[in-house]
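Engineer: For reference, this is my_file_12.txt, and it has compact mmCIF, C-alpha atoms and all ligand atoms.
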# COMPACT_ATOMS: atom_id res chain seq x y z
CA MET A 1 55.98 -13.96 -97.35
CA ASN A 2 58.07 -12.65 -94.47
CA LEU A 3 61.04 -10.95 -96.12
CA ILE A 4 64.21 -9.12 -95.10
CA PHE A 5 66.14 -6.77 -97.40
CA LEU A 6 69.83 -6.51 -96.50
CA GLY A 7 72.46 -4.23 -98.00
CA ALA A 8 74.78 -1.30 -97.37
CA PRO A 9 73.37 2.19 -96.91
CA GLY A 10 72.46 3.32 -100.41
CA ALA A 11 72.17 -0.21 -101.82
CA GLY A 12 68.55 0.44 -102.69
CA LYS A 13 66.78 -1.45 -99.90
CA GLY A 14 64.24 1.29 -99.35
CA THR A 15 63.58 1.92 -103.05
CA HIS A 16 63.06 -1.75 -103.85
CA ALA A 17 61.14 -2.55 -100.69
CA GLU A 18 58.73 0.22 -101.63
CA ILE A 19 58.25 -1.08 -105.19
CA LEU A 20 57.78 -4.70 -104.11
CA SER A 21 55.48 -3.71 -101.28
CA ARG A 22 53.09 -2.00 -103.72
CA GLU A 23 53.26 -4.91 -106.13
CA ILE A 24 52.59 -7.81 -103.77
CA HIS A 25 50.53 -5.85 -101.22
CA ILE A 26 52.50 -6.45 -98.06
CA PRO A 27 53.79 -3.57 -95.89
CA GLN A 28 57.31 -2.18 -96.08
CA ILE A 29 58.69 -1.77 -92.60
CA SER A 30 61.59 0.66 -92.51
CA THR A 31 63.17 1.19 -89.10
CA GLY A 32 65.06 4.20 -90.51
CA ASN A 33 61.79 5.88 -91.57
CA MET A 34 60.10 4.99 -88.26
CA ILE A 35 62.96 6.45 -86.24
CA ARG A 36 63.01 9.63 -88.37
CA GLU A 37 59.24 9.98 -87.83
CA ALA A 38 59.71 9.70 -84.08
CA LEU A 39 62.48 12.26 -84.28
CA LYS A 40 60.29 14.70 -86.20
CA SER A 41 57.35 14.38 -83.84
CA GLY A 42 59.68 14.74 -80.84
CA THR A 43 58.74 11.55 -78.98
CA GLU A 44 60.98 10.33 -76.17
CA MET A 45 62.36 7.57 -78.37
CA GLY A 46 63.06 10.09 -81.14
CA LEU A 47 65.03 12.32 -78.80
CA LYS A 48 67.10 9.37 -77.61
CA ALA A 49 67.85 8.30 -81.19
CA LYS A 50 68.86 11.73 -82.49
CA ALA A 51 72.51 11.77 -81.43
CA TYR A 52 73.15 8.23 -82.71
CA ILE A 53 71.64 8.85 -86.13
CA GLU A 54 73.36 12.16 -86.70
CA ALA A 55 76.75 10.62 -85.89
CA GLY A 56 76.10 7.74 -88.31
CA ASN A 57 75.87 5.21 -85.49
CA LEU A 58 73.24 2.57 -84.84
CA VAL A 59 70.47 3.19 -82.37
CA PRO A 60 70.76 0.71 -79.42
CA ASP A 61 69.42 -2.80 -80.14
CA GLU A 62 66.80 -2.79 -77.39
CA VAL A 63 65.21 0.37 -78.80
CA VAL A 64 64.79 -0.91 -82.38
CA ILE A 65 63.84 -4.41 -81.23
CA GLY A 66 61.02 -2.85 -79.22
CA ILE A 67 59.83 -0.82 -82.22
CA ILE A 68 59.82 -3.90 -84.47
CA ARG A 69 58.05 -6.11 -81.96
CA GLU A 70 55.21 -3.63 -81.72
CA ARG A 71 55.04 -3.11 -85.49
CA LEU A 72 54.97 -6.82 -86.40
CA ASN A 73 52.05 -7.35 -84.04
CA ARG A 74 49.82 -5.10 -86.11
CA ASP A 75 47.12 -6.65 -88.31
CA ASP A 76 48.58 -5.59 -91.65
CA CYS A 77 51.56 -7.92 -91.11
CA LYS A 78 49.39 -11.06 -91.03
CA ASN A 79 50.02 -11.89 -94.71
CA GLY A 80 53.67 -10.91 -94.72
CA PHE A 81 55.98 -7.91 -94.68
CA ILE A 82 59.28 -6.57 -95.98
CA LEU A 83 61.80 -5.52 -93.36
CA ASP A 84 63.99 -2.72 -94.70
CA GLY A 85 66.83 -1.73 -92.37
CA PHE A 86 66.20 -4.36 -89.71
CA PRO A 87 67.96 -6.43 -88.50
CA ARG A 88 71.29 -4.61 -88.60
CA THR A 89 73.20 -6.54 -85.94
CA ILE A 90 73.45 -10.21 -84.93
CA PRO A 91 71.59 -9.62 -81.61
CA GLN A 92 68.74 -7.98 -83.59
CA ALA A 93 68.58 -11.02 -85.91
CA GLU A 94 68.50 -13.38 -82.94
CA ALA A 95 65.70 -11.40 -81.30
CA LEU A 96 63.74 -11.44 -84.57
CA ASP A 97 64.10 -15.22 -84.89
CA LYS A 98 62.43 -15.53 -81.49
CA MET A 99 59.50 -13.33 -82.62
CA ILE A 100 58.56 -14.70 -86.03
CA ARG A 101 59.55 -17.01 -88.90
CA ILE A 102 61.46 -15.38 -91.76
CA ASP A 103 61.07 -16.94 -95.22
CA ARG A 104 63.72 -15.25 -97.28
CA VAL A 105 66.53 -12.72 -97.04
CA ILE A 106 67.47 -10.67 -100.09
CA ASP A 107 70.96 -9.19 -99.99
CA ILE A 108 71.38 -6.30 -102.44
CA GLU A 109 75.06 -5.98 -103.35
CA VAL A 110 76.42 -2.76 -104.82
CA PRO A 111 80.07 -1.63 -105.38
CA GLU A 112 81.23 0.99 -102.89
CA SER A 113 81.99 3.62 -105.57
CA LEU A 114 78.35 3.52 -106.67
CA ILE A 115 77.16 3.68 -103.06
CA LEU A 116 79.06 6.91 -102.45
CA ARG A 117 77.61 8.54 -105.57
CA ARG A 118 74.11 7.44 -104.65
CA LEU A 119 74.19 8.67 -101.07
CA SER A 120 75.56 12.08 -102.04
CA GLY A 121 72.80 12.44 -104.66
CA ARG A 122 69.97 11.08 -102.56
CA ARG A 123 66.99 13.28 -101.72
CA VAL A 124 64.05 12.12 -99.67
CA CYS A 125 60.49 13.34 -99.37
CA GLY A 126 60.01 15.16 -96.07
CA SER A 127 56.37 14.01 -95.97
CA CYS A 128 56.16 10.38 -97.11
CA GLY A 129 59.83 9.27 -97.02
CA ALA A 130 60.00 8.29 -100.73
CA SER A 131 63.55 8.29 -102.09
CA TYR A 132 64.99 10.02 -105.19
CA ASN A 133 68.42 10.73 -106.68
CA ILE A 134 69.54 13.89 -108.44
CA HIS A 135 71.73 11.82 -110.83
CA THR A 136 69.79 8.64 -111.47
CA ARG A 137 66.26 8.77 -110.17
CA LYS A 138 64.99 12.29 -110.66
CA PRO A 139 61.50 13.33 -109.64
CA LYS A 140 59.24 14.64 -112.43
CA VAL A 141 59.49 18.15 -110.96
CA GLU A 142 62.77 19.19 -109.31
CA GLY A 143 62.54 19.18 -105.51
CA VAL A 144 58.99 17.81 -105.41
CA CYS A 145 57.80 14.29 -104.50
CA ASP A 146 56.02 12.45 -107.38
CA THR A 147 53.74 10.54 -105.05
CA CYS A 148 52.59 13.10 -102.50
CA GLY A 149 53.84 16.54 -103.62
CA GLY A 150 56.02 16.92 -100.51
CA THR A 151 59.35 18.78 -100.51
CA LEU A 152 62.54 16.79 -101.18
CA VAL A 153 65.44 17.27 -98.77
CA GLN A 154 68.93 15.90 -98.18
CA ARG A 155 69.21 13.82 -95.03
CA LYS A 156 71.74 15.12 -92.50
CA ASP A 157 73.31 11.67 -92.33
CA ASP A 158 73.91 11.67 -96.12
CA GLN A 159 76.66 14.26 -95.70
CA PRO A 160 80.16 12.91 -96.57
CA GLU A 161 81.65 12.51 -93.05
CA THR A 162 78.58 10.73 -91.74
CA VAL A 163 78.41 8.50 -94.81
CA LYS A 164 81.94 7.26 -94.05
CA ALA A 165 80.93 6.42 -90.49
CA ARG A 166 77.80 4.61 -91.66
CA LEU A 167 79.76 2.45 -94.10
CA LYS A 168 82.21 1.49 -91.36
CA VAL A 169 79.34 0.52 -89.07
CA TYR A 170 77.80 -1.47 -91.93
CA HIS A 171 80.96 -3.50 -92.56
CA GLU A 172 81.55 -4.17 -88.87
CA GLN A 173 78.05 -4.86 -87.60
CA THR A 174 75.64 -5.57 -90.45
CA GLU A 175 77.65 -7.48 -93.06
CA PRO A 176 78.05 -10.51 -90.72
CA LEU A 177 74.29 -11.04 -91.11
CA THR A 178 74.82 -12.51 -94.59
CA GLY A 179 76.70 -15.42 -92.99
CA TYR A 180 74.00 -15.76 -90.35
CA TYR A 181 71.20 -16.14 -92.93
CA LYS A 182 73.31 -18.19 -95.35
CA LYS A 183 73.66 -20.81 -92.63
CA GLN A 184 69.87 -20.87 -92.34
CA GLY A 185 69.60 -21.38 -96.13
CA LYS A 186 67.53 -18.21 -96.57
CA LEU A 187 70.00 -15.87 -98.25
CA ARG A 188 69.63 -14.80 -101.91
CA THR A 189 72.07 -12.31 -103.41
CA VAL A 190 71.03 -9.76 -106.04
CA HIS A 191 73.30 -7.27 -107.81
CA GLY A 192 71.82 -3.81 -107.40
CA SER A 193 72.51 -1.71 -110.50
CA ASP A 194 71.21 1.73 -111.48
CA ASP A 195 68.65 -0.01 -113.70
CA THR A 196 65.79 -0.12 -111.20
CA ALA A 197 63.52 -2.25 -113.39
CA ALA A 198 66.19 -4.90 -113.99
CA THR A 199 67.09 -5.05 -110.30
CA HIS A 200 63.42 -5.34 -109.43
CA ARG A 201 63.06 -8.36 -111.76
CA ASP A 202 66.08 -10.03 -110.13
CA ILE A 203 64.55 -9.41 -106.71
CA LEU A 204 61.21 -10.94 -107.77
CA ASN A 205 63.05 -14.02 -109.06
CA ALA A 206 65.01 -14.28 -105.83
CA VAL A 207 61.83 -14.01 -103.77
CA GLU A 208 60.08 -16.71 -105.78
CA ALA A 209 63.04 -19.09 -106.22
P1 LIG A 301 70.40 3.70 -94.58
O1 LIG A 301 69.98 2.30 -94.89
O2 LIG A 301 70.37 4.55 -95.78
O3 LIG A 301 71.66 3.79 -93.80
P2 LIG A 301 68.15 4.01 -92.77
O4 LIG A 301 67.12 5.00 -93.14
O5 LIG A 301 67.80 2.58 -92.87
O6 LIG A 301 69.39 4.40 -93.62
O7 LIG A 301 68.63 4.30 -91.26
C1 LIG A 301 69.09 5.55 -90.84
C2 LIG A 301 69.66 5.48 -89.44
O8 LIG A 301 68.65 5.00 -88.52
C3 LIG A 301 70.82 4.49 -89.27
O9 LIG A 301 72.05 5.04 -89.63
C4 LIG A 301 70.71 4.18 -87.77
O10 LIG A 301 71.26 5.20 -86.98
C5 LIG A 301 69.22 4.16 -87.52
N1 LIG A 301 68.69 2.78 -87.68
C6 LIG A 301 67.82 2.36 -88.64
N2 LIG A 301 67.55 1.05 -88.50
C7 LIG A 301 68.27 0.62 -87.44
C8 LIG A 301 68.47 -0.63 -86.80
N3 LIG A 301 67.84 -1.75 -87.24
N4 LIG A 301 69.30 -0.69 -85.73
C9 LIG A 301 69.93 0.39 -85.28
N5 LIG A 301 69.82 1.60 -85.84
C10 LIG A 301 69.01 1.73 -86.91
ZN ZN A 302 56.21 12.13 -100.74
What does the file become when written as structure tokens?
Structural biologist:
Amino acid sequence: MNLIFLGAPGAGKGTHAEILSREIHIPQISTGNMIREALKSGTEMGLKAKAYIEAGNLVPDEVVIGIIRERLNRDDCKNGFILDGFPRTIPQAEALDKMIRIDRVIDIEVPESLILRRLSGRRVCGSCGASYNIHTRKPKVEGVCDTCGGTLVQRKDDQPETVKARLKVYHEQTEPLTGYYKKQGKLRTVHGSDDTAATHRDILNAVEA
């Protein structure tokens, strides 16, 4: 299964891609996590991406398209993958269609009021990238990652001003992708609530339908 998860920042793409990835044994490919990794290790690409990310803007298409092309060529993608955070623009979707066949696109829809609460409460593991929320999805021990024991931090781009910019970018550049994939007959919409288990079941149904 070659899958795409679409949705606004904070819709739960990363959380649900991670759960599904473990369950059906195909890799989760998160461009956001890959770019943050590059940033941390100070690669040339990471340095280029820094200013865009911190302003809440998208990294240029050619940069992320290059990252994805390389990643999809790796062996672990042979039996499928879940793209989380890519594509985010129409040119990215067009480039992807030239690389590989996509089976299904899951759009996770969440009301904006919930999105704002989620992003402000989000904490991520500095080591493995796993995502938590101080209101709704608490780790077992405050500030510590359940999976790897790493320290939980707030992302710079989850601060209020940057969140506003990211939502604007989402509406202008990413939302049109739902129409793009609807035309191809691949789009399935799921309502993302705070009940992670229920949303996960809806996603499984949408993947299998
Ligand atoms: P979220 O989905 O919560 O906004 P991500 O972790 O997916 O966050 O991405 C964080 C940032 O990384 C984005 O705001 C953007 O700057 C950059 N980024 C991630 N994926 C892409 C992409 N496909 N195209 C352009 N920029 C991207
Ligand atoms: Zn961790």
Engineer: Tell me, in Å to one decimal, how far atom O4 of ligand LIG 301 (chain A) is from CA of Ala209 in chain A.
Structural biologist: 27.7 Å
Engineer: Return as lines of an AutoDock Vina configuration file the centre and edge lengths, in Å with one decimal, of the box along x, y and z that encloses every atom of ligand LIG 301 (chain A) in the file, padded by 3 Å per side.
Structural biologist:
center_x = 69.6
center_y = 1.9
center_z = -90.5
size_x = 10.9
size_y = 13.3
size_z = 16.5
Engineer: Please produce, as a tab-separated table, a per-residue contact table for chain A versus ligand ZN 302 (chain A) (criterion: any atom at most 9 Å away, only C-alpha atoms and all ligand atoms considered), showing the nearest atom pair and its distance in Å to one decimal, sorted by chain then residue number.
Structural biologist:
residue	atom	partner	partner_atom	distance
A:Val124	CA	A:ZN302	ZN	7.9
A:Cys125	CA	A:ZN302	ZN	4.7
A:Gly126	CA	A:ZN302	ZN	6.7
A:Ser127	CA	A:ZN302	ZN	5.1
A:Cys128	CA	A:ZN302	ZN	4.0
A:Gly129	CA	A:ZN302	ZN	5.9
A:Ala130	CA	A:ZN302	ZN	5.4
A:Ser131	CA	A:ZN302	ZN	8.4
A:Val144	CA	A:ZN302	ZN	7.9
A:Cys145	CA	A:ZN302	ZN	4.6
A:Asp146	CA	A:ZN302	ZN	6.7
A:Thr147	CA	A:ZN302	ZN	5.2
A:Cys148	CA	A:ZN302	ZN	4.1
A:Gly149	CA	A:ZN302	ZN	5.8
A:Gly150	CA	A:ZN302	ZN	4.8
A:Thr151	CA	A:ZN302	ZN	7.4
A:Leu152	CA	A:ZN302	ZN	7.9
Engineer: Taking only residues of range 69-89 of chain A that have an atom at most 12 Å from an atom of range 106-118 of chain A, what is each one's shortest atom pair and its distance in Å to one decimal, using all atoms listed in the file, in chain and number order, as CSV?
Structural biologist:
residue,atom,partner,partner_atom,distance
A:Ile82,CA,A:Ile106,CA,10.0
A:Leu83,CA,A:Ile106,CA,10.2
A:Asp84,CA,A:Ile106,CA,10.2
A:Gly85,CA,A:Asp107,CA,11.4
Engineer: Would you give me, as CSV, each residue of chain A having an atom within 9 Å of an atom of ligand LIG 301 (chain A), along with its shortest atom pair and that distance in Å to one decimal, using only C-alpha atoms and all ligand atoms and sorting by chain and residue number?
Structural biologist:
residue,atom,partner,partner_atom,distance
A:Leu6,CA,A:LIG301,O1,9.0
A:Gly7,CA,A:LIG301,O1,7.6
A:Ala8,CA,A:LIG301,O1,6.5
A:Pro9,CA,A:LIG301,O3,3.9
A:Gly10,CA,A:LIG301,O2,5.2
A:Ala11,CA,A:LIG301,O1,7.7
A:Gly12,CA,A:LIG301,O1,8.1
A:Lys13,CA,A:LIG301,O1,7.0
A:Gly14,CA,A:LIG301,O1,7.3
A:Ser30,CA,A:LIG301,O5,6.5
A:Thr31,CA,A:LIG301,N2,4.4
A:Gly32,CA,A:LIG301,O4,3.4
A:Asn33,CA,A:LIG301,O4,5.6
A:Met34,CA,A:LIG301,C6,8.2
A:Ile35,CA,A:LIG301,O8,6.3
A:Arg36,CA,A:LIG301,O8,7.3
A:Ala49,CA,A:LIG301,O10,7.4
A:Lys50,CA,A:LIG301,O10,8.3
A:Ala51,CA,A:LIG301,O10,8.7
A:Tyr52,CA,A:LIG301,O10,5.6
A:Ile53,CA,A:LIG301,O10,3.8
A:Glu54,CA,A:LIG301,O10,7.3
A:Ala55,CA,A:LIG301,O10,7.8
A:Gly56,CA,A:LIG301,O9,5.0
A:Asn57,CA,A:LIG301,O10,4.8
A:Leu58,CA,A:LIG301,N5,3.7
A:Val59,CA,A:LIG301,N5,3.9
A:Pro60,CA,A:LIG301,C9,5.9
A:Asp61,CA,A:LIG301,N4,6.0
A:Glu62,CA,A:LIG301,N4,9.0
A:Val63,CA,A:LIG301,C9,8.0
A:Val64,CA,A:LIG301,N4,5.6
A:Ile65,CA,A:LIG301,N3,7.7
A:Ile68,CA,A:LIG301,N3,8.8
A:Asp84,CA,A:LIG301,O5,6.8
A:Gly85,CA,A:LIG301,O5,4.4
A:Phe86,CA,A:LIG301,N3,4.0
A:Pro87,CA,A:LIG301,N3,4.8
A:Arg88,CA,A:LIG301,N3,4.7
A:Thr89,CA,A:LIG301,N4,7.0
A:Gln92,CA,A:LIG301,N3,7.3
A:Leu119,CA,A:LIG301,O2,7.7
A:Asp157,CA,A:LIG301,O9,7.3
A:Asp158,CA,A:LIG301,O2,8.0
A:Thr162,CA,A:LIG301,O9,8.9
A:Val163,CA,A:LIG301,O3,8.3
A:Arg166,CA,A:LIG301,O9,6.1
A:Leu167,CA,A:LIG301,O3,8.2
A:Val169,CA,A:LIG301,O9,8.6
A:Tyr170,CA,A:LIG301,O3,8.3
Engineer: If I take CA of Ser193 in chain A and CA of Glu18 in chain A, how far is one from the other in Å, to one decimal?
Structural biologist: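 Between these atoms lies a distance of 16.5 Å.
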Engineer: State, in Å with one decimal place, the distance from CA of Leu39 in chain A to CA of Arg122 in chain A.
Structural biologist: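 Interatomic distance, CA of Leu39 in chain A to CA of Arg122 in chain A: 19.8 Å.
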Engineer: Here is a test: counting all atoms listed in the file, which residue of A:Thr15, A:Lys164, A:Pro27, A:Lys183 is nearest to Arg123 in chain A?
Structural biologist: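 Smallest separation from Arg123 in chain A among the options: A:Thr15.
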Engineer: With all atoms listed in the file as the atoms that count, which of A:Ile134, A:Gly179, A:Thr189, A:Ala206 lies nearest to Ala93 in chain A?
Structural biologist: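 Of A:Ile134, A:Gly179, A:Thr189, A:Ala206, the one nearest Ala93 in chain A is A:Gly179, counting all atoms listed in the file.
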Engineer: Which residues, written as an MDAnalysis selection string, have at least one atom at most 10 Å from His25 in chain A, with all atoms listed in the file counted and residues fewer than 3 positions away on the same chain left out?
Structural biologist: chainID A and resid 19:22 28 76 79:81
Engineer: From the options A:Arg69, A:Glu175, A:Lys78, A:Val105, which residue's atoms come nearest to Ile203 in chain A, counting all atoms listed in the file?
Structural biologist: A:Val105
